[in-house]
file input01.txt (compact mmCIF, C-alpha atoms and all ligand atoms)
# COMPACT_ATOMS: atom_id res chain seq x y z
CA MET A 1 161.34 36.98 141.96
CA ARG A 2 162.05 33.28 142.35
CA SER A 3 165.57 33.11 140.98
CA MET A 4 165.62 30.63 138.15
CA GLU A 5 163.14 28.13 139.51
CA GLN A 6 162.37 25.64 136.75
CA VAL A 7 159.00 25.35 135.01
CA LEU A 8 157.86 22.82 132.41
CA ILE A 9 155.01 23.64 130.03
CA ILE A 10 153.69 20.65 128.10
CA GLY A 11 151.66 21.92 125.15
CA ALA A 12 153.58 25.21 124.95
CA SER A 13 152.40 25.75 121.35
CA GLY A 14 148.78 26.15 122.45
CA GLY A 15 147.03 29.42 123.21
CA ILE A 16 147.12 29.04 126.99
CA GLY A 17 150.39 27.05 127.03
CA ALA A 18 152.26 29.77 125.11
CA ALA A 19 150.87 32.51 127.35
CA LEU A 20 151.89 30.53 130.45
CA SER A 21 155.45 30.25 129.11
CA VAL A 22 155.64 34.01 128.59
CA GLU A 23 154.14 34.86 131.97
CA PHE A 24 156.37 32.42 133.87
CA ALA A 25 159.46 33.76 132.05
CA GLU A 26 158.42 37.34 132.90
CA LYS A 27 158.21 36.32 136.55
CA GLY A 28 161.82 35.14 136.43
CA TYR A 29 161.33 31.41 135.98
CA SER A 30 163.47 29.31 133.67
CA VAL A 31 160.91 27.75 131.32
CA ASP A 32 161.24 24.45 129.45
CA GLU A 33 158.68 23.92 126.71
CA ILE A 34 157.45 20.78 124.98
CA SER A 35 154.93 20.68 122.16
CA ARG A 36 153.78 18.57 119.26
CA SER A 37 154.30 21.17 116.53
CA VAL A 38 157.81 22.19 117.64
CA ASP A 39 159.25 18.98 119.16
CA GLY A 40 157.17 16.18 117.65
CA PHE A 41 155.81 15.32 121.11
CA ASP A 42 152.72 13.14 120.70
CA LEU A 43 150.74 13.00 123.90
CA THR A 44 148.81 9.95 122.71
CA ASP A 45 151.91 7.79 122.12
CA ASP A 46 153.50 6.43 125.28
CA ARG A 47 156.91 6.03 123.64
CA SER A 48 156.88 9.68 122.54
CA VAL A 49 155.80 10.80 126.01
CA ALA A 50 158.55 8.71 127.63
CA LYS A 51 161.19 9.96 125.17
CA HIS A 52 160.39 13.60 125.92
CA LEU A 53 159.94 13.28 129.69
CA GLU A 54 162.59 10.81 130.80
CA ASP A 55 165.65 12.42 132.37
CA ARG A 56 163.84 15.71 133.04
CA GLY A 57 163.17 17.53 136.25
CA PRO A 58 162.73 18.25 139.01
CA TYR A 59 160.51 21.26 138.32
CA HIS A 60 158.93 23.79 140.68
CA ARG A 61 155.90 24.02 138.37
CA VAL A 62 154.64 21.63 135.68
CA VAL A 63 151.57 22.41 133.56
CA ILE A 64 149.87 20.12 131.08
CA ALA A 65 148.26 22.65 128.73
CA THR A 66 147.36 20.22 125.94
CA GLY A 67 143.83 19.33 124.90
CA ALA A 68 141.37 19.37 122.04
CA LEU A 69 137.69 20.04 121.52
CA GLU A 70 137.54 19.24 117.81
CA ILE A 71 139.59 16.22 116.69
CA SER A 72 139.97 15.04 113.07
CA GLY A 73 137.35 17.57 112.04
CA ILE A 74 134.71 16.13 114.38
CA SER A 75 132.93 18.88 116.33
CA PRO A 76 131.65 18.34 119.88
CA GLU A 77 128.26 16.58 119.83
CA LYS A 78 125.10 18.71 120.19
CA THR A 79 123.28 15.61 121.44
CA VAL A 80 124.02 12.04 122.49
CA LYS A 81 122.37 11.04 119.19
CA ASN A 82 125.46 12.34 117.33
CA LEU A 83 127.90 10.18 119.30
CA THR A 84 130.26 7.87 117.42
CA THR A 85 132.81 5.39 118.72
CA GLN A 86 135.59 7.31 116.99
CA SER A 87 134.66 10.71 118.40
CA MET A 88 134.49 9.38 121.94
CA VAL A 89 137.69 7.33 121.69
CA ASP A 90 139.56 10.31 120.20
CA GLN A 91 138.37 12.58 123.01
CA PHE A 92 139.41 10.13 125.71
CA THR A 93 142.77 9.51 124.02
CA VAL A 94 143.77 13.19 123.86
CA ASN A 95 142.07 14.63 126.94
CA ALA A 96 142.32 11.77 129.45
CA VAL A 97 144.81 9.06 128.40
CA GLY A 98 147.41 11.58 127.17
CA PRO A 99 147.69 13.51 130.46
CA ALA A 100 147.67 10.14 132.30
CA LEU A 101 150.73 9.07 130.28
CA VAL A 102 152.44 12.30 131.32
CA LEU A 103 151.50 11.70 134.97
CA ARG A 104 153.39 8.39 134.82
CA HIS A 105 156.46 10.63 134.96
CA ALA A 106 155.26 12.95 137.74
CA HIS A 107 157.46 11.24 140.34
CA THR A 108 160.61 12.33 138.54
CA LEU A 109 159.28 15.63 137.17
CA LEU A 110 158.61 16.89 140.72
CA PRO A 111 161.11 17.35 143.56
CA ARG A 112 160.63 14.92 146.47
CA ASP A 113 161.34 17.34 149.26
CA LYS A 114 160.26 20.80 148.04
CA ALA A 115 156.96 22.58 147.59
CA CYS A 116 155.87 22.28 143.95
CA VAL A 117 152.72 22.35 141.82
CA PHE A 118 151.70 20.13 138.93
CA ALA A 119 148.60 21.56 137.20
CA VAL A 120 146.58 19.82 134.51
CA LEU A 121 144.23 21.97 132.42
CA SER A 122 140.76 20.48 132.71
CA ALA A 123 137.45 22.24 132.03
CA ARG A 124 134.41 23.18 134.08
CA VAL A 125 132.27 21.31 131.56
CA GLY A 126 133.95 18.15 132.90
CA SER A 127 132.14 18.74 136.19
CA ILE A 128 129.30 16.24 136.65
CA GLY A 129 127.71 18.28 139.45
CA ASP A 130 127.74 21.47 137.39
CA ASN A 131 126.31 19.95 134.20
CA ARG A 132 122.96 21.63 133.57
CA ILE A 133 122.65 21.78 129.79
CA GLY A 134 124.01 18.53 128.32
CA GLY A 135 125.83 18.44 124.98
CA TRP A 136 129.53 17.86 124.24
CA ILE A 137 129.21 14.39 125.73
CA SER A 138 132.63 13.06 124.63
CA TYR A 139 134.64 16.12 125.68
CA ARG A 140 132.74 16.43 128.98
CA SER A 141 133.21 12.80 129.90
CA ALA A 142 136.88 12.77 128.86
CA LYS A 143 137.52 15.76 131.16
CA ALA A 144 135.56 14.05 133.97
CA ALA A 145 137.84 11.02 133.50
CA LEU A 146 140.84 13.35 133.53
CA ASN A 147 139.72 14.75 136.88
CA GLN A 148 139.62 11.22 138.34
CA ILE A 149 143.10 10.52 136.87
CA VAL A 150 144.48 13.67 138.53
CA ARG A 151 142.82 12.80 141.85
CA THR A 152 144.14 9.23 141.83
CA ALA A 153 147.68 10.25 140.86
CA SER A 154 147.71 13.00 143.51
CA ILE A 155 147.03 10.50 146.29
CA GLU A 156 149.82 8.23 145.11
CA ILE A 157 152.34 11.04 144.58
CA ALA A 158 151.66 12.46 148.06
CA ARG A 159 153.14 9.28 149.56
CA SER A 160 156.63 10.08 148.27
CA HIS A 161 156.33 13.84 147.54
CA ARG A 162 154.74 15.26 150.68
CA LYS A 163 154.95 18.90 149.62
CA ALA A 164 153.67 18.38 146.07
CA VAL A 165 150.30 19.72 144.91
CA LEU A 166 148.68 18.08 141.88
CA VAL A 167 145.45 19.67 140.67
CA ALA A 168 143.02 19.99 137.78
CA LEU A 169 142.44 23.64 136.79
CA HIS A 170 139.67 25.27 134.77
CA PRO A 171 141.24 28.24 132.93
CA GLY A 172 138.02 30.15 132.21
CA THR A 173 136.69 30.74 128.70
CA VAL A 174 139.80 31.88 126.90
CA ALA A 175 140.16 33.39 123.43
CA THR A 176 142.31 30.75 121.66
CA SER A 177 141.93 28.76 118.46
CA PHE A 178 140.37 26.08 120.69
CA THR A 179 137.29 28.20 121.35
CA GLU A 180 136.99 30.47 118.34
CA LYS A 181 134.20 28.49 116.64
CA TYR A 182 132.31 27.73 119.83
CA VAL A 183 132.15 30.73 122.15
CA ASP A 184 129.46 32.60 120.22
CA ARG A 185 128.59 35.62 122.41
CA HIS A 186 130.03 34.03 125.55
CA PRO A 187 132.59 36.46 127.05
CA THR A 188 136.22 35.34 126.78
CA VAL A 189 139.46 36.48 128.39
CA PRO A 190 142.77 36.87 126.51
CA ALA A 191 145.23 34.00 127.03
CA LYS A 192 147.62 36.38 128.83
CA ILE A 193 145.04 37.11 131.52
CA ALA A 194 144.13 33.44 131.82
CA ALA A 195 147.82 32.58 132.28
CA ARG A 196 148.21 35.22 135.00
CA ASN A 197 145.12 33.91 136.78
CA LEU A 198 146.33 30.31 136.63
CA ILE A 199 149.80 31.20 137.91
CA ALA A 200 148.26 33.15 140.80
CA VAL A 201 146.09 30.14 141.69
CA MET A 202 149.12 27.82 141.58
CA ASP A 203 151.04 30.20 143.85
CA ARG A 204 148.22 30.17 146.45
CA LEU A 205 147.53 26.42 146.55
CA GLU A 206 148.20 24.62 149.84
CA VAL A 207 149.43 21.03 150.16
CA ALA A 208 146.08 20.08 151.72
CA GLU A 209 144.41 21.06 148.44
CA THR A 210 146.24 18.46 146.36
CA GLY A 211 143.92 16.33 144.25
CA GLY A 212 141.38 19.15 143.89
CA PHE A 213 139.60 20.76 140.95
CA PHE A 214 139.80 24.57 140.94
CA ASP A 215 138.87 27.38 138.60
CA TYR A 216 140.96 30.41 137.58
CA THR A 217 139.91 32.32 140.71
CA GLY A 218 141.01 29.50 143.00
CA ALA A 219 137.41 28.48 143.79
CA GLN A 220 136.74 24.77 144.04
CA VAL A 221 134.71 23.31 141.15
CA PRO A 222 132.25 20.55 142.05
CA TRP A 223 133.18 17.08 140.74
N1 LIG A 301 140.35 27.90 125.71
C1 LIG A 301 139.37 27.72 126.61
O1 LIG A 301 138.41 28.52 126.71
C2 LIG A 301 139.39 26.54 127.52
C3 LIG A 301 138.33 26.37 128.43
C4 LIG A 301 138.34 25.28 129.30
C5 LIG A 301 139.39 24.39 129.26
N2 LIG A 301 140.42 24.58 128.37
C6 LIG A 301 141.50 23.59 128.35
O2 LIG A 301 142.75 24.24 128.32
C7 LIG A 301 143.67 23.44 127.57
C8 LIG A 301 144.39 24.31 126.55
O3 LIG A 301 143.44 24.95 125.73
P1 LIG A 301 143.86 26.04 124.62
O4 LIG A 301 142.68 26.94 124.50
O5 LIG A 301 145.20 26.61 124.91
O6 LIG A 301 143.93 25.11 123.33
P2 LIG A 301 144.82 25.22 122.00
O7 LIG A 301 145.25 26.62 121.75
O8 LIG A 301 144.02 24.53 120.95
O9 LIG A 301 146.10 24.34 122.34
C9 LIG A 301 146.01 22.95 122.44
C10 LIG A 301 147.39 22.37 122.69
O10 LIG A 301 147.24 20.95 122.79
C11 LIG A 301 148.24 20.35 121.99
N3 LIG A 301 147.85 19.03 121.55
C12 LIG A 301 146.64 18.62 121.08
N4 LIG A 301 146.69 17.32 120.78
C13 LIG A 301 147.95 16.88 121.06
C14 LIG A 301 148.63 15.64 120.95
N5 LIG A 301 148.03 14.53 120.50
N6 LIG A 301 149.93 15.57 121.33
C15 LIG A 301 150.57 16.67 121.80
N7 LIG A 301 149.98 17.88 121.94
C16 LIG A 301 148.69 17.98 121.56
C17 LIG A 301 148.43 21.31 120.82
O11 LIG A 301 149.65 21.05 120.19
P3 LIG A 301 150.05 21.54 118.69
O12 LIG A 301 149.34 22.86 118.47
O13 LIG A 301 151.55 21.71 118.79
O14 LIG A 301 149.63 20.49 117.75
C18 LIG A 301 148.40 22.64 121.57
O15 LIG A 301 149.65 22.90 122.16
C19 LIG A 301 142.88 22.28 127.00
O16 LIG A 301 143.04 21.15 127.84
C20 LIG A 301 141.44 22.75 127.10
O17 LIG A 301 140.54 21.66 127.26
C21 LIG A 301 140.44 25.62 127.49
call {"tool": "encode", "arguments": {"input": "input01.txt", "output": "structure tokens"}}
result
Amino acid sequence: MRSMEQVLIIGASGGIGAALSVEFAEKGYSVDEISRSVDGFDLTDDRSVAKHLEDRGPYHRVVIATGALEISGISPEKTVKNLTTQSMVDQFTVNAVGPALVLRHAHTLLPRDKACVFAVLSARVGSIGDNRIGGWISYRSAKAALNQIVRTASIEIARSHRKAVLVALHPGTVATSFTEKYVDRHPTVPAKIAARNLIAVMDRLEVAETGGFFDYTGAQVPW
């Protein structure tokens, strides 16, 4: 057991975020949680992000577990013909800009001189190389933008935090409120299993892998 190493879960009210908090606590970590519904943390408002993240850290693990597929009642598009300005802007705001605002604080959230992992929950559907069926254009492209944000930030953070690993992770298809209307007959895993998988991946990551995009088994996902 890692005695009282600190972990920060951003989006701890979500299905995967809550399960990560429980799993980290069971492994002996001291877990700090931030969420919109409990703390009034609004990922899309830079003042709210700054207020909740200033004067925090350093953490051994940080996870951004926020995200949304359906925003303001707008479902993911079946086809590009359904695209609206609002749906695309909302997707980018929550799934790309929000995590980028959090990453502004990565330098102080992570220790400068110790091994640490900062994981951002992305999605395999954000992979351009793996896109074979189209659909969900706003969510897909917001997650693709998120992957570029993680990659860019990882290169910059490595200059001052040489042992830090910053990655985008695909959690698998997980049974949460996020997916309940969309999985159909697609097999899902419980959030507890997803959290265990993600923690195991974080524990195995090497510094050389910073800036990468990995799934819940630790396999690299194509950009
Ligand atoms: N579930 C899956 O199968 C799956 C698959 C691939 C990728 N992912 C990714 O994994 C992440 C977590 O998914 P999940 O299934 O755990 O979703 P979830 O249960 O719907 O949780 C979403 C979380 O995001 C937070 N959130 C949304 N908008 C926010 C905002 N503007 N400000 C602050 N917090 C905000 C929610 O906060 P409140 O509830 O407090 O409002 C909640 O904590 C997402 O990034 C998703 O894209 C999930």
call {"tool": "residues_around", "arguments": {"input": "input01.txt", "residues": "stretch 72-75 of chain A", "least_positions_apart": "3", "cutoff": "12 Å", "atoms": "all atoms listed in the file", "output": "list in words"}}
result
Ala68, Leu69, Lys78, Thr79, Asn82, Leu83, Thr84, Thr85, Gln86, Ser87, Met88, Val89, Asp90, Gln91, Val94, Gly135, Trp136, Ile137, Ser138, Tyr139, Phe178, Thr179, Lys181 and Tyr182 of chain A
call {"tool": "write_last_selection", "arguments": {"input": "input01.txt", "atoms": "C-alpha atoms", "output": "PDB file, keeping the file's coordinate frame"}}
result
ATOM      1  CA  ALA A  68     141.370  19.370 122.040  1.00  0.00           C
ATOM      2  CA  LEU A  69     137.690  20.040 121.520  1.00  0.00           C
ATOM      3  CA  LYS A  78     125.100  18.710 120.190  1.00  0.00           C
ATOM      4  CA  THR A  79     123.280  15.610 121.440  1.00  0.00           C
ATOM      5  CA  ASN A  82     125.460  12.340 117.330  1.00  0.00           C
ATOM      6  CA  LEU A  83     127.900  10.180 119.300  1.00  0.00           C
ATOM      7  CA  THR A  84     130.260   7.870 117.420  1.00  0.00           C
ATOM      8  CA  THR A  85     132.810   5.390 118.720  1.00  0.00           C
ATOM      9  CA  GLN A  86     135.590   7.310 116.990  1.00  0.00           C
ATOM     10  CA  SER A  87     134.660  10.710 118.400  1.00  0.00           C
ATOM     11  CA  MET A  88     134.490   9.380 121.940  1.00  0.00           C
ATOM     12  CA  VAL A  89     137.690   7.330 121.690  1.00  0.00           C
ATOM     13  CA  ASP A  90     139.560  10.310 120.200  1.00  0.00           C
ATOM     14  CA  GLN A  91     138.370  12.580 123.010  1.00  0.00           C
ATOM     15  CA  VAL A  94     143.770  13.190 123.860  1.00  0.00           C
ATOM     16  CA  GLY A 135     125.830  18.440 124.980  1.00  0.00           C
ATOM     17  CA  TRP A 136     129.530  17.860 124.240  1.00  0.00           C
ATOM     18  CA  ILE A 137     129.210  14.390 125.730  1.00  0.00           C
ATOM     19  CA  SER A 138     132.630  13.060 124.630  1.00  0.00           C
ATOM     20  CA  TYR A 139     134.640  16.120 125.680  1.00  0.00           C
ATOM     21  CA  PHE A 178     140.370  26.080 120.690  1.00  0.00           C
ATOM     22  CA  THR A 179     137.290  28.200 121.350  1.00  0.00           C
ATOM     23  CA  LYS A 181     134.200  28.490 116.640  1.00  0.00           C
ATOM     24  CA  TYR A 182     132.310  27.730 119.830  1.00  0.00           C
TER      25      TYR A 182
END
call {"tool": "residues_around", "arguments": {"input": "input01.txt", "residues": "A:Pro222", "least_positions_apart": "5", "cutoff": "10 Å", "atoms": "only C-alpha atoms", "output": "PyMOL selection string"}}
result
chain A and resi 124+126-131+212-214
call {"tool": "closest_atom_pairs", "arguments": {"input": "input01.txt", "of": "chain A", "to": "ligand LIG 301 (chain A)", "cutoff": "7 Å", "atoms": "only C-alpha atoms and all ligand atoms", "output": "tab-separated table"}}
result
residue	atom	partner	partner_atom	distance
A:Gly11	CA	A:LIG301	O15	3.7
A:Ala12	CA	A:LIG301	O15	5.3
A:Ser13	CA	A:LIG301	O15	4.0
A:Gly14	CA	A:LIG301	O9	3.2
A:Gly15	CA	A:LIG301	O7	3.6
A:Ile16	CA	A:LIG301	O5	3.7
A:Gly17	CA	A:LIG301	O5	5.6
A:Ser35	CA	A:LIG301	O13	4.9
A:Arg36	CA	A:LIG301	O13	3.9
A:Ser37	CA	A:LIG301	O13	3.6
A:Val38	CA	A:LIG301	O13	6.4
A:Phe41	CA	A:LIG301	C15	5.5
A:Asp42	CA	A:LIG301	N6	3.8
A:Leu43	CA	A:LIG301	N6	3.7
A:Thr44	CA	A:LIG301	N5	5.1
A:Ala65	CA	A:LIG301	C8	4.7
A:Thr66	CA	A:LIG301	O10	3.2
A:Gly67	CA	A:LIG301	O16	3.5
A:Ala68	CA	A:LIG301	C12	5.4
A:Leu69	CA	A:LIG301	O17	6.6
A:Val94	CA	A:LIG301	N5	5.6
A:Asn95	CA	A:LIG301	O16	6.7
A:Leu121	CA	A:LIG301	O16	4.8
A:Ser122	CA	A:LIG301	C5	5.4
A:Ala123	CA	A:LIG301	C5	4.0
A:Arg124	CA	A:LIG301	C4	6.5
A:His170	CA	A:LIG301	C5	5.6
A:Pro171	CA	A:LIG301	C4	5.5
A:Gly172	CA	A:LIG301	C3	5.4
A:Thr173	CA	A:LIG301	O1	3.4
A:Val174	CA	A:LIG301	O1	3.6
A:Ala175	CA	A:LIG301	N1	5.9
A:Thr176	CA	A:LIG301	O4	4.8
A:Ser177	CA	A:LIG301	O7	5.1
A:Phe178	CA	A:LIG301	O8	4.0
A:Thr179	CA	A:LIG301	N1	5.3
call {"tool": "axis_aligned_box", "arguments": {"input": "input01.txt", "around": "stretch 45-60 of chain A", "padding_each_side": "6 Å", "output": "lines of an AutoDock Vina configuration file"}}
result
center_x = 158.8
center_y = 14.9
center_z = 131.4
size_x = 25.7
size_y = 29.8
size_z = 30.6
call {"tool": "residues_around", "arguments": {"input": "input01.txt", "residues": "A:Arg47", "least_positions_apart": "4", "cutoff": "12 Å", "atoms": "all atoms listed in the file", "output": "JSON, numbers by chain"}}
result
{"A": [40, 41, 42, 43, 51, 52, 53, 54, 98, 101, 102, 104]}
call {"tool": "residues_near_point", "arguments": {"input": "input01.txt", "point": "(152.3, 10.5, 144.7)", "cutoff": "12 Å", "atoms": "only C-alpha atoms", "output": "PyMOL selection string"}}
result
chain A and resi 103-112+118+150-166+210-211
call {"tool": "residues_around", "arguments": {"input": "input01.txt", "residues": "A:Val201", "least_positions_apart": "4", "cutoff": "9 Å", "atoms": "all atoms listed in the file", "output": "PyMOL selection string"}}
result
chain A and resi 169+196-197+205+214-218
call {"tool": "atom_distance", "arguments": {"input": "input01.txt", "atom1": "atom CA of A:Gln148", "atom2": "atom CA of A:Trp223"}}
result
9.0 Å
call {"tool": "atom_distance", "arguments": {"input": "input01.txt", "atom1": "atom CA of A:Gly134", "atom2": "atom CA of A:Phe92"}}
result
17.7 Å
call {"tool": "atom_distance", "arguments": {"input": "input01.txt", "atom1": "atom CA of A:Arg140", "atom2": "atom CA of A:Pro76"}}
result
9.4 Å
call {"tool": "residues_around", "arguments": {"input": "input01.txt", "residues": "A:Val62", "least_positions_apart": "5", "cutoff": "10 Å", "atoms": "only C-alpha atoms", "output": "PyMOL selection string"}}
result
chain A and resi 6-10+31-32+57+106+109-110+116-120+166
call {"tool": "write_last_selection", "arguments": {"input": "input01.txt", "atoms": "C-alpha atoms", "output": "mmCIF file, in the frame of the given file"}}
result
data_model
loop_
_atom_site.group_PDB
_atom_site.id
_atom_site.type_symbol
_atom_site.label_atom_id
_atom_site.label_comp_id
_atom_site.auth_asym_id
_atom_site.auth_seq_id
_atom_site.Cartn_x
_atom_site.Cartn_y
_atom_site.Cartn_z
ATOM 1 C CA GLN A 6 162.370 25.640 136.750
ATOM 2 C CA VAL A 7 159.000 25.350 135.010
ATOM 3 C CA LEU A 8 157.860 22.820 132.410
ATOM 4 C CA ILE A 9 155.010 23.640 130.030
ATOM 5 C CA ILE A 10 153.690 20.650 128.100
ATOM 6 C CA VAL A 31 160.910 27.750 131.320
ATOM 7 C CA ASP A 32 161.240 24.450 129.450
ATOM 8 C CA GLY A 57 163.170 17.530 136.250
ATOM 9 C CA ALA A 106 155.260 12.950 137.740
ATOM 10 C CA LEU A 109 159.280 15.630 137.170
ATOM 11 C CA LEU A 110 158.610 16.890 140.720
ATOM 12 C CA CYS A 116 155.870 22.280 143.950
ATOM 13 C CA VAL A 117 152.720 22.350 141.820
ATOM 14 C CA PHE A 118 151.700 20.130 138.930
ATOM 15 C CA ALA A 119 148.600 21.560 137.200
ATOM 16 C CA VAL A 120 146.580 19.820 134.510
ATOM 17 C CA LEU A 166 148.680 18.080 141.880
#
call {"tool": "closest_residue", "arguments": {"input": "input01.txt", "among": "A:Val97, A:Leu198, A:Ile71, A:Ala50", "to": "A:Val167", "atoms": "all atoms listed in the file"}}
result
A:Leu198
call {"tool": "closest_residue", "arguments": {"input": "input01.txt", "among": "A:Ile199, A:Ala168, A:Ile133, A:Ala115", "to": "A:Pro99", "atoms": "only C-alpha atoms"}}
result
A:Ala168
call {"tool": "closest_residue", "arguments": {"input": "input01.txt", "among": "A:Ala219, A:Ile64, A:Ala18, A:Ala208", "to": "A:Leu146", "atoms": "all atoms listed in the file"}}
result
A:Ile64
call {"tool": "decode", "arguments": {"input": "input01.txt", "residues": "stretch 31-53 of chain A", "atoms": "N, CA and C atoms", "output": "JSON list (two decimals), in the first residue's frame"}}
result
[["chain", "number", "residue", "atom", "x", "y", "z"],
["A", 31, "VAL", "N", -7.84, 10.58, -0.90],
["A", 31, "VAL", "CA", -8.50, 11.04, -2.13],
["A", 31, "VAL", "C", -9.19, 12.38, -1.91],
["A", 32, "ASP", "N", -8.84, 13.36, -2.73],
["A", 32, "ASP", "CA", -9.57, 14.63, -2.78],
["A", 32, "ASP", "C", -10.51, 14.56, -3.98],
["A", 33, "GLU", "N", -11.73, 15.05, -3.78],
["A", 33, "GLU", "CA", -12.74, 14.98, -4.85],
["A", 33, "GLU", "C", -13.23, 16.39, -5.18],
["A", 34, "ILE", "N", -13.46, 16.62, -6.45],
["A", 34, "ILE", "CA", -14.11, 17.88, -6.87],
["A", 34, "ILE", "C", -15.20, 17.49, -7.87],
["A", 35, "SER", "N", -16.38, 18.12, -7.71],
["A", 35, "SER", "CA", -17.41, 17.88, -8.73],
["A", 35, "SER", "C", -18.37, 19.06, -8.81],
["A", 36, "ARG", "N", -19.08, 19.11, -9.89],
["A", 36, "ARG", "CA", -20.06, 20.18, -10.10],
["A", 36, "ARG", "C", -21.20, 20.04, -9.11],
["A", 37, "SER", "N", -21.79, 18.83, -9.00],
["A", 37, "SER", "CA", -23.00, 18.72, -8.17],
["A", 37, "SER", "C", -22.72, 18.89, -6.68],
["A", 38, "VAL", "N", -21.53, 18.53, -6.22],
["A", 38, "VAL", "CA", -21.24, 18.67, -4.78],
["A", 38, "VAL", "C", -20.58, 20.01, -4.45],
["A", 39, "ASP", "N", -19.65, 20.45, -5.29],
["A", 39, "ASP", "CA", -18.84, 21.64, -4.95],
["A", 39, "ASP", "C", -19.14, 22.88, -5.80],
["A", 40, "GLY", "N", -20.01, 22.75, -6.78],
["A", 40, "GLY", "CA", -20.28, 23.89, -7.66],
["A", 40, "GLY", "C", -19.15, 24.16, -8.64],
["A", 41, "PHE", "N", -18.31, 23.16, -8.87],
["A", 41, "PHE", "CA", -17.18, 23.30, -9.80],
["A", 41, "PHE", "C", -17.71, 23.26, -11.24],
["A", 42, "ASP", "N", -17.52, 24.34, -11.98],
["A", 42, "ASP", "CA", -17.96, 24.36, -13.38],
["A", 42, "ASP", "C", -16.73, 24.35, -14.28],
["A", 43, "LEU", "N", -16.55, 23.22, -14.91],
["A", 43, "LEU", "CA", -15.39, 22.98, -15.77],
["A", 43, "LEU", "C", -15.30, 23.98, -16.93],
["A", 44, "THR", "N", -16.42, 24.56, -17.30],
["A", 44, "THR", "CA", -16.45, 25.41, -18.49],
["A", 44, "THR", "C", -16.22, 26.89, -18.13],
["A", 45, "ASP", "N", -15.98, 27.17, -16.86],
["A", 45, "ASP", "CA", -15.82, 28.56, -16.40],
["A", 45, "ASP", "C", -14.42, 28.70, -15.81],
["A", 46, "ASP", "N", -13.56, 29.48, -16.46],
["A", 46, "ASP", "CA", -12.17, 29.48, -16.01],
["A", 46, "ASP", "C", -11.99, 30.02, -14.60],
["A", 47, "ARG", "N", -12.91, 30.91, -14.17],
["A", 47, "ARG", "CA", -12.79, 31.40, -12.79],
["A", 47, "ARG", "C", -13.14, 30.31, -11.79],
["A", 48, "SER", "N", -14.14, 29.49, -12.12],
["A", 48, "SER", "CA", -14.52, 28.39, -11.23],
["A", 48, "SER", "C", -13.38, 27.35, -11.18],
["A", 49, "VAL", "N", -12.81, 27.07, -12.33],
["A", 49, "VAL", "CA", -11.70, 26.09, -12.37],
["A", 49, "VAL", "C", -10.54, 26.61, -11.52],
["A", 50, "ALA", "N", -10.20, 27.89, -11.70],
["A", 50, "ALA", "CA", -9.07, 28.47, -10.94],
["A", 50, "ALA", "C", -9.39, 28.43, -9.44],
["A", 51, "LYS", "N", -10.61, 28.82, -9.08],
["A", 51, "LYS", "CA", -10.98, 28.87, -7.65],
["A", 51, "LYS", "C", -10.81, 27.48, -6.99],
["A", 52, "HIS", "N", -11.20, 26.43, -7.72],
["A", 52, "HIS", "CA", -11.14, 25.10, -7.11],
["A", 52, "HIS", "C", -9.75, 24.45, -7.20],
["A", 53, "LEU", "N", -8.90, 24.94, -8.10],
["A", 53, "LEU", "CA", -7.62, 24.25, -8.28],
["A", 53, "LEU", "C", -6.40, 25.01, -7.76]]
